[in-house]
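The next block holds one structure in the form of structure tokens; read it before the comments.
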Amino acid sequence: MFDFAGMRRSFAGAAAAAALLAGAPALAKEVRVYNWSDYIDEEVLKDFEKETGIKVVYDVFDSNELLETKLLAGGSGYDVVVPTGPFLARQISANVFQKLDKSKLPNLKNTWPLINERTALYDPGNDYSINYMWGTTGIGYNEAKIKERMADAPVDSWDLIFKPEIVSKFKDCGIFLLDAADDILPVALLYLGLDPNSKDPGELQKAGALLESIRPNIQKFHSSEFINALANGDICIAVGFSGDILQARDRADEAKNGVTVGYKIPKEGAQMWFDQMAIPTDAKNVEEAHAFLNYMLDPKVIAKASNYVNYANGNLASQEFIKEEVKSDTSIFPDDATLKRLFVKEPYDAKTQRVVTRIWTKVVTGQ
Amino acid sequence: MRRWLLISVPYLWLLVFFLIPFFIVFKISLSDIATAIPPYTPVFDFSMGIGEFISKLDFENYRFIFNDSLYVNSYFSALKIAGISTVLTLLVAYPIAYGMARAPKEWQPTLVMLVILPFWTSFLIRVYAWIGILKKEGLLNLFLMNLGVISEPLTIMNTPLAVYIGIIYSYLPFMILPLYASLEKINPALLEAAADLGSPPWKSFWQVTFPLSLPGVLAGCFLVFIPATGEFVIPDLLGGSDTLMIGKTLWGEFFGNRDWPVASAVAVVLLLVLVIPIVMFQSNQEKEREAAR
Amino acid sequence: MSEAALSSSPTGASRSPLRTAAPQSGFAPWKDPSKTPMVRFENVVKRFGDFVAVKDCTLDIYEREFFALLGPSGCGKTTLLRMLAGFEKPTSGRILVAGQDITELAPYDRPVNMMFQSYALFPHMTVEQNIGFGLKQDGMPKDQIAQRVEETMAMLELSKFGKRKPHQLSGGQQQRVALARAIAKKPRIVLLDEPLGALDKRLRQTAQFELMGIQERTGTTFIIVTHDQEEAMTVSSRIAVMDHGEFVQIATPGDIYEAPNSRYTANFIGDVNLFEGKVVNVAGGFAEIDWGPGLARFKAVAPEGCAGQQQVWLALRPEKIHIDLDKPTDASNALPGKVVDVGYLGSISHYHVELANGQRVKALRTNSSRTVDRPISWEDKVWLQWPAETGIVLAK
């Protein structure tokens, strides 16, 4: 239900990682990495092994909740994991992670201050984590089908979702929302002119009421199905993560099925999310974990990763090594004006979390 | 000695893989949520005495789930969906099992094999395949529209109907196999005897075949109803967001709210909801058998 | 009639079969051409694929008869019965009940009820429900059903078990429930498929008499299928001996025993000694049979159409042979031999006598006197003799 990023980076990752492990020679030192599926260029890992002599054991997951459950149960056995911002914050307060030894991370100098500033909301002082990739939560749409129903549809505005007379035009062709209160409620608050990070139950209720009013137009709340549905042309609109929607776009292009998928960051603003690399408290290979993080902070290395996965990273120095087509894509690297309108969602405390979840359940199920 | 060892095996299994985990879950359900590893505070540990233990029992999480209609509605909705699915599965499975039991003996192993065949593919993939069939521009709509049966595509995907289809399809073998086993055991001479005594075939079915297949009907219904009640994957993939089921609620409690204690309480109540009627049914059956002696 | 069967007899042939031959004295409707048969099989053929189970059978069975279909397994007797019940359809031919063609009638529309070899009791119903099942199908009012069930149970001494389920009954009780269920509807014909096959020998004998009693009391036509010749002899008014889908002989038990029409029947019913030979002379109703060079010729009643040089078999029941130490003076048939085996069974003794040509002959002797001068024993040279009227000349 809270499949935060869903099948964010398709299915190939696990198989690739397995193939990588099988081919690797037995090395004394190792680092165990747990990352999102299909979220890395395998060559980066090979290069790391070649350069440092440290063997990488690479496993993948596809939901924050799965990662969190493993971490909270204790003894996950991983040395580097990659949770998303609010999850990271909660996990830090549960003492899941150890402080980074910054003396072992000389490449920290390459980071992007703007991103550091925003991730500090989850990890004050960035003491526990470094940014791996970041993205936005915006609107994905089927260009032809939208035009067919409304020639001047405001695809760059939350009006498309929250204005009943507009959203109802697309009801018949299918609208998907992420099944995640953390992603949708803040946007509803924003649309109402309220603080997207509001913890006021009354304001949260209002956002819930707004969502309930458009509920009949929504076909499904789901956090990963929309990728296929958009790519196959089954639906018109999906509110989802930038990378997922871009992935749907690429799949449709590859399939040459006549479907053109667009992605827009609405002009009112949108949520910015961050996948952060951190070292669990009970990690066994702390030294190697730091070596891995430092390697990932290398501008050329992280640029290689960004070029592969079509996501922006938090490494300013890497930008000169990023391919032009990626760097100039404003849905990946928003321009400065857009960047200013992006907000970062703070983690909820347990009490607010329950209120939010309850409101969300009411929105989704009508109960 | 060896006999005792043999008898103890199922009990040991039950103890290690059911009772002990159950008590762990039960214990968590009595604790409080915390931001820690693990994310709950133990309200007691095993070192305290029985008196202290009982005085510290805290059923707050249970009170919580019974005070919010969401949970109660989730249970009822899950039981309703599972119940309807079970009846529909029975209706689909019975003719199939009947046909199998009546088929020539040498075909029957092949037919049983065919029923099990879907298990060779991952459950998840099979449920995913239904998305391709049921969606707006899916195979079913294309087929019906090409035939001219409908002019507008039917909306089946993301509705309760899709959930029923998914459950019936997925659990059909669990219904067919016990039905087949009980139907196949029926002495064909019984139907001849019924016919001989003046009962036409359709009456014989209700007077002889169906009552004698009841053990298979019950076994099949339990095998479908119990897992269907806690089903998560099928409503998640095929159902609409408003398809309320306890499996999804439990998932949200555990993963979304990270509230292991409440999630455990939901799980314990679910277990009681399912186990108590079954145990009552079993003991009733036992009594009937005793009374018949 | 009962003492004949109750006396423990070593073989079926030892007791007098004549005593059970006709349950009702003078009951012989098959001899009355004006009577309409209750059941008529008319040129009935049944094939299962290439296998011919029943070959062109024609048979009349009359009201109140207790008719037995007797033969080894696979002879077609059960198929014949199942065709009458309606479970199998004849490949060709007709079946009539009381003059009405029922060949096309469904089993549930036939005035016939069957008692199954496996009893086929409904395991989920009580004894009462089992017995009342057929009445319920006819839509009989509940109180009448209850009354009829009660009567039927009383007749079969089942009243105590009405509320039990079949699995709570003994084999004998189950057998009686199966019978009760078959007669509860008071059908015109009751079919019994190996009804006593599952019972042990002692119980079987009691049950045989019970069957006969019920049949007589209800006046119903009973048709029984059995492979047990003793059972057929005991219960039936007439027997049809079957082999390979054909009737070999249809006659009363007495006739079948005393006048078998073939080696098959003679062998199948009771013990028999068979001598192969050739008719050399027919004179004054007697035939002279040559059965080997250097052996005394047999003299026996010549069957109709018996002619010289015909190959025949002389059938001789063991109890018809008189065994003696001395050579008889005026016997029509006498053979010397040597005793090779003796079986003492109290009332009677068995003797196996080896003839000069090596053939062995069975003979019986009743032990009527306690003070026999010298009992016949192993290795004794003996003489076998029998009157010409007791041997039967068989042409096939």
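Every chain in the structure tokens has a letter given in the order shown (A, B, ...), and although residue numbers restart at 1 in each chain, ligands are simply numbered from 1 in the order shown.
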
(request) Mind listing the helix (DSSP H, G or I) residues of segment 91-175 of chain C, per DSSP on the backbone, as a PyMOL selection string? (result) chain C and resi 107-109+127-137+142-155+159-161+166-168+171-175

(request) Just the residues within 12 Å of Leu144 of chain B, please, counting only C-alpha atoms, with nothing from its chain fewer than 5 positions along; format it as an MDAnalysis selection string. (result) chainID B and resid 133:134 136:139 149:154

Wanna dump the segment 262-322 of chain A-segment 232-237 of chain A contacts at 12 Å for me, each residue with its shortest atom pair and the distance in Å to one decimal, counting only C-alpha atoms, ordered by chain and number, as CSV?
residue,atom,partner,partner_atom,distance
A:Gly262,CA,A:Ile237,CA,9.6
A:Tyr263,CA,A:Ile237,CA,9.8
A:Lys264,CA,A:Ile237,CA,11.1

(request) Dump as number ranges by chain the residues of chain A that approach chain B to within 9 Å, counting only C-alpha atoms. (result) A: 1-3, 64-66, 68-69, 71-74, 90-91, 93-96, 173, 179-180, 219-222, 225, 233-235, 350, 353-354, 357-358, 361-367

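Coordinates place atom CA of Pro95 of chain B at a distance of 27.7 Å from atom CA of Leu274 of chain B.
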
Per DSSP on the backbone, what are the strand (DSSP E or B) residues of segment 120-156 of chain A, as a compact mmCIF listing (two decimals) with C-alpha atoms, in the first residue's frame?
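Contents of out14.txt, as written:
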# COMPACT_ATOMS: atom_id res chain seq x y z
CA SER A 129 23.83 9.89 4.81
CA ILE A 130 24.88 11.09 1.41
CA ASN A 131 22.53 11.63 -1.49
CA TYR A 132 22.52 9.03 -4.20
CA MET A 133 19.77 10.22 -6.56
CA TRP A 134 16.83 12.58 -6.31
CA GLY A 135 13.68 13.26 -8.25
CA THR A 136 10.21 14.76 -8.17
CA THR A 137 6.63 13.60 -7.83
CA GLY A 138 4.61 15.05 -10.70
CA ILE A 139 2.07 14.31 -13.40
CA GLY A 140 2.54 11.73 -16.10
CA TYR A 141 0.06 11.69 -18.97
CA ASN A 142 -0.84 10.16 -22.30

(request) Pull out every residue of chain C sitting within 9 Å of chain B, counting only C-alpha atoms, and send them as a PyMOL selection string. (result) chain C and resi 85-87+106-110+112-116+118-124+133-138+163-165+168+181-182+185

(message) Need to verify the contact set: Glu88 of chain C, 12 Å, only C-alpha atoms, exclusion of same-chain residues closer than 3 positions in sequence. Can you return it as an MDAnalysis selection string?
(response) (chainID B and resid 192) or (chainID C and resid 44:48 53:54 78:85 91:92 95 103:107)

(request) Please provide the set of residues having any atom within 7 Å of segment 170-184 of chain B, restricted to only C-alpha atoms, with same-chain residues fewer than 4 positions apart removed, written as a PyMOL selection string. (result) chain B and resi 89-90+93-94+97-98+100-101+115-116+166+213+215-217+219-221+223-224

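Atom CA of Tyr11 of chain B to atom CA of Ile276 of chain B spans 19.3 Å [interatomic distance, one decimal].
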
(request) Excluding Phe123 of chain B and any residue of its chain fewer than 5 positions from it, enumerate the residues within 10 Å of it, using only C-alpha atoms, and give them as a PyMOL selection string. (result) chain B and resi 118+128-129+170+233-234

Near segment 300-317 of chain C, counting only C-alpha atoms, which residues have an atom at most 6 Å away, once you skip same-chain residues fewer than 4 positions from it, shown as an mmCIF file with C-alpha atoms, in the first residue's frame?
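The result, stored in part-v7.cif:
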data_model
loop_
_atom_site.group_PDB
_atom_site.id
_atom_site.type_symbol
_atom_site.label_atom_id
_atom_site.label_comp_id
_atom_site.auth_asym_id
_atom_site.auth_seq_id
_atom_site.Cartn_x
_atom_site.Cartn_y
_atom_site.Cartn_z
ATOM 1 C CA VAL C 272 -19.630 -86.509 -11.744
ATOM 2 C CA ASN C 273 -17.575 -89.296 -13.301
ATOM 3 C CA LEU C 274 -17.255 -89.046 -17.069
ATOM 4 C CA PHE C 275 -16.319 -91.888 -19.403
ATOM 5 C CA GLU C 276 -15.682 -91.156 -23.054
ATOM 6 C CA GLY C 277 -16.725 -93.745 -25.562
ATOM 7 C CA LYS C 278 -18.543 -94.721 -28.745
ATOM 8 C CA VAL C 279 -22.048 -96.091 -29.179
ATOM 9 C CA VAL C 280 -21.759 -99.489 -30.773
ATOM 10 C CA ASN C 281 -25.288 -100.732 -30.517
ATOM 11 C CA GLY C 285 -33.949 -98.305 -25.501
ATOM 12 C CA PHE C 286 -30.479 -99.117 -24.228
ATOM 13 C CA ALA C 287 -27.203 -98.186 -25.781
ATOM 14 C CA ALA C 388 -28.185 -99.125 -16.672
ATOM 15 C CA GLU C 389 -30.818 -96.478 -15.778
ATOM 16 C CA GLY C 391 -25.852 -93.484 -16.226
ATOM 17 C CA ILE C 392 -26.561 -90.579 -18.546
ATOM 18 C CA VAL C 393 -25.366 -90.588 -22.116
ATOM 19 C CA LEU C 394 -24.261 -87.154 -23.229
ATOM 20 C CA ALA C 395 -23.638 -86.249 -26.852
#

(request) Skip segment 238-242 of chain C itself and residues of its chain fewer than 3 positions away, then list as a PyMOL selection string all residues within 8 Å of it, counting only C-alpha atoms. (result) chain C and resi 21+65-72+75-77+232-233+245-253+256+265

(request) Go ahead and compute the interatomic distance for atom CA of Ser170 of chain C and atom CA of Met153 of chain C, in Å to one decimal. (result) 15.6 Å
